[in-house]
Structure formats: structure tokens, C-alpha cells
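S.K.: Below is the structure I would like to discuss, written out as C-alpha cells.
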Amino acid sequence: MNETLVCVVGNVATQPLYRDMAAGPSARFRLAVTSRYWDREKSAWTDGHTNFFTVWANRQLAVNVAASVEVGQPVVVHGRLKVRSETREGQQNWASADIDAVAIGHDLARGTAAFRRSSRPDTPPRAAARPEPEWETPPTEETEDSPAEAAAGVT
């Protein structure tokens, strides 16, 4: 409910690591996001600070990331931001910014892509279908045959 949703545009910094877990497929990669600004003294665009995010994808998104995303490609990532910090081996606080991705796609402002729908995995067979419930109101002893029954010749 009170989540921080972000949309980040950057370049894939590491090859996506795909794993089949007990809870379903999972993939992760590092995303480099570098700000750019106009330097008036040089009259040119200049790179600013680079932020790195660990992007996590689950289920079908993880399968598609593993098949589609490579190092160096420009991508757009939309998801929930999670910032963690901890102390490691008595050193300064260590911080990590993770994005639990909801959607990932190539940045079409910087290239083209050919979209292919992924095939759905085989679904397990459903349990035996239950019979359709009887929705008609049963006739009472007081009422005569309904018009539908009379037309069908039911007595």
C-alpha cells in the first residue's frame, strides 16, 4: 500500500542471472543509471553520477528477462524500490538499492526491438469439472405443469 514505485531508465550492467527457485523462476541483474547535464563552460553534455540498482524479476518476467536482456542494452524498469542498509564486518554501513520489477522493457528512444509473445507454459489439467447446478425452481405440488414443460411434452 505505502510502497515507493519508481520508473528507472538505464543500461544493463551485468548479465541477468536466472534461477529456478521453489517459489518459481527468479532473475536479477545490475542496472547503471547515469545522469547527464549540459555543461555551459564546455558547451557539451557531461555525465554525472552513476547509480546502480539490483533489479529483481520473478515468475514469467524472469523467464522473459533471461531470454531478452543482455549487458549494455538500454532498458526501462518499473517496480518497487527497496533500500537496505547494514553493517558488514564492522565496516561502515553498507547500502543496497533494489527494484522489485513489475515491468521491464527496452528503451525504444535509443534503439529498436522486435517483440515476440512468449508461449504460455503448459498448465496442469484442471480438477474434474463439477456438474452444472440446477438453477430452475422445482415445481410445487400446487402448481400445474409449466408452459415450457407442456410445450416439450413433459408430464
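Please note that chains go A, B, ... in the order of the C-alpha cells, that every chain numbers its residues from 1, and that ligands are numbered from 1 in the order shown.
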Using only C-alpha atoms, what does the table of range 51-74 of chain A residues within 8 Å of range 100-105 of chain A look like, with each row giving the shortest atom pair and its distance in Å to one decimal, sorted by chain and ascending number, as a Markdown table?

M.R.:
| residue | atom | partner | partner_atom | distance |
| --- | --- | --- | --- | --- |
| A:Val55 | CA | A:Asp100 | CA | 6.2 |
| A:Trp56 | CA | A:Asp100 | CA | 4.9 |
| A:Ala57 | CA | A:Ala101 | CA | 5.4 |
| A:Asn58 | CA | A:Ala101 | CA | 7.9 |
| A:Leu61 | CA | A:Ala103 | CA | 7.5 |
| A:Val65 | CA | A:Ile104 | CA | 7.8 |

S.K.: Considering only C-alpha atoms, return as an NGL selection string whatever protein or nucleic-acid residues lie within 12 Å of Asn2 in chain A, sequence-local ones (same chain, fewer than 3 positions apart) excluded.

M.R.: :A and (5 or 80-82)

S.K.: With all heavy atoms retained, write the just-selected residues as an mmCIF file, in the first residue's frame.

M.R.:
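Everything below was put into out15.cif:
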data_model
loop_
_atom_site.group_PDB
_atom_site.id
_atom_site.type_symbol
_atom_site.label_atom_id
_atom_site.label_comp_id
_atom_site.auth_asym_id
_atom_site.auth_seq_id
_atom_site.Cartn_x
_atom_site.Cartn_y
_atom_site.Cartn_z
ATOM 1 N N LEU A 5 7.041 3.337 -5.715
ATOM 2 C CA LEU A 5 7.134 2.873 -7.091
ATOM 3 C C LEU A 5 8.041 3.808 -7.871
ATOM 4 O O LEU A 5 7.924 5.032 -7.762
ATOM 5 C CB LEU A 5 5.754 2.814 -7.732
ATOM 6 C CG LEU A 5 4.806 1.780 -7.140
ATOM 7 C CD1 LEU A 5 3.422 1.908 -7.751
ATOM 8 C CD2 LEU A 5 5.341 0.382 -7.346
ATOM 9 N N ARG A 80 8.971 -1.673 -7.500
ATOM 10 C CA ARG A 80 9.013 -1.186 -6.120
ATOM 11 C C ARG A 80 10.456 -1.031 -5.670
ATOM 12 O O ARG A 80 11.243 -1.977 -5.735
ATOM 13 C CB ARG A 80 8.275 -2.170 -5.210
ATOM 14 C CG ARG A 80 6.784 -2.185 -5.457
ATOM 15 C CD ARG A 80 6.061 -3.215 -4.604
ATOM 16 N NE ARG A 80 6.268 -4.587 -5.043
ATOM 17 C CZ ARG A 80 5.683 -5.142 -6.105
ATOM 18 N NH1 ARG A 80 4.855 -4.419 -6.824
ATOM 19 N NH2 ARG A 80 5.899 -6.387 -6.429
ATOM 20 N N LEU A 81 10.797 0.158 -5.159
ATOM 21 C CA LEU A 81 12.142 0.437 -4.666
ATOM 22 C C LEU A 81 12.264 -0.033 -3.229
ATOM 23 O O LEU A 81 11.396 0.234 -2.391
ATOM 24 C CB LEU A 81 12.429 1.943 -4.742
ATOM 25 C CG LEU A 81 13.781 2.388 -4.198
ATOM 26 C CD1 LEU A 81 14.913 1.828 -5.044
ATOM 27 C CD2 LEU A 81 13.845 3.897 -4.150
ATOM 28 N N LYS A 82 13.357 -0.750 -2.946
ATOM 29 C CA LYS A 82 13.652 -1.201 -1.584
ATOM 30 C C LYS A 82 15.105 -0.862 -1.289
ATOM 31 O O LYS A 82 16.008 -1.328 -1.981
ATOM 32 C CB LYS A 82 13.422 -2.708 -1.455
ATOM 33 C CG LYS A 82 11.974 -3.098 -1.667
ATOM 34 C CD LYS A 82 11.766 -4.580 -1.529
ATOM 35 C CE LYS A 82 10.301 -4.900 -1.772
ATOM 36 N NZ LYS A 82 10.023 -6.319 -1.695
#

S.K.: May I ask which of the residues A:Thr112, A:Thr87, A:Gln15, A:Gln92 is the closest one to Thr54 in chain A, counting only C-alpha atoms?

M.R.: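 Smallest separation from Thr54 in chain A among the options: A:Gln15.
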
S.K.: Pick the closest to Val71 in chain A from A:Thr46, A:Asn11, A:Ser26, A:Ser85: which is it, counting only C-alpha atoms?

M.R.: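 Of A:Thr46, A:Asn11, A:Ser26, A:Ser85, the one nearest Val71 in chain A, counting only C-alpha atoms, is A:Asn11.
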
S.K.: Quick one: pull the distance between CA of Trp45 in chain A and CA of Thr14 in chain A, Å, one decimal.

M.R.: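 Interatomic distance, CA of Trp45 in chain A to CA of Thr14 in chain A: 25.5 Å.
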
S.K.: Could you give me, as a PyMOL selection string, the residues within 12 Å of Ala13 in chain A, counting only C-alpha atoms and dropping anything in the same chain fewer than 5 positions from it?

M.R.: chain A and resi 28-34+50-55+69-75

S.K.: How many Å separate CA of Arg36 in chain A from CA of Val8 in chain A?

M.R.: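 Computing the Euclidean distance for CA of Arg36 in chain A and CA of Val8 in chain A yields 14.1 Å.
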
S.K.: Expressed in Å to a single decimal, how great is the separation between CA of Asp107 in chain A and CA of Val77 in chain A?

M.R.: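 So the two atoms, CA of Asp107 in chain A and CA of Val77 in chain A, lie 9.4 Å apart.
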
S.K.: Restricting the calculation to only C-alpha atoms, which member of A:Arg19, A:Arg110, A:Arg84, A:Arg117 is positioned closest to Val63 in chain A?

M.R.: A:Arg19

S.K.: Tell me, which residues of range 5-111 of chain A carry DSSP helix (DSSP H, G or I), written as a list in words?

M.R.: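 Those residues are Arg59, Gln60, Leu61, Ala62, Val63, Asn64, Val65, Ala66, Ala67 and Ser68 of chain A.
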
S.K.: Generate a file of the selected residues that holds C-alpha atoms, formatted as a short mmCIF file (atom, residue, chain, number, x, y, z; two decimals), in the first residue's frame.

M.R.:
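What follows is the written file out02.cif:
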data_model
loop_
_atom_site.label_atom_id
_atom_site.label_comp_id
_atom_site.auth_asym_id
_atom_site.auth_seq_id
_atom_site.Cartn_x
_atom_site.Cartn_y
_atom_site.Cartn_z
CA ARG A 59 7.86 -15.70 -12.50
CA GLN A 60 7.23 -15.14 -16.23
CA LEU A 61 9.01 -11.77 -16.15
CA ALA A 62 12.17 -13.59 -15.00
CA VAL A 63 11.93 -16.08 -17.87
CA ASN A 64 11.47 -13.26 -20.39
CA VAL A 65 14.34 -11.21 -18.93
CA ALA A 66 16.71 -14.18 -19.21
CA ALA A 67 15.73 -14.63 -22.87
CA SER A 68 15.71 -10.94 -23.88
#
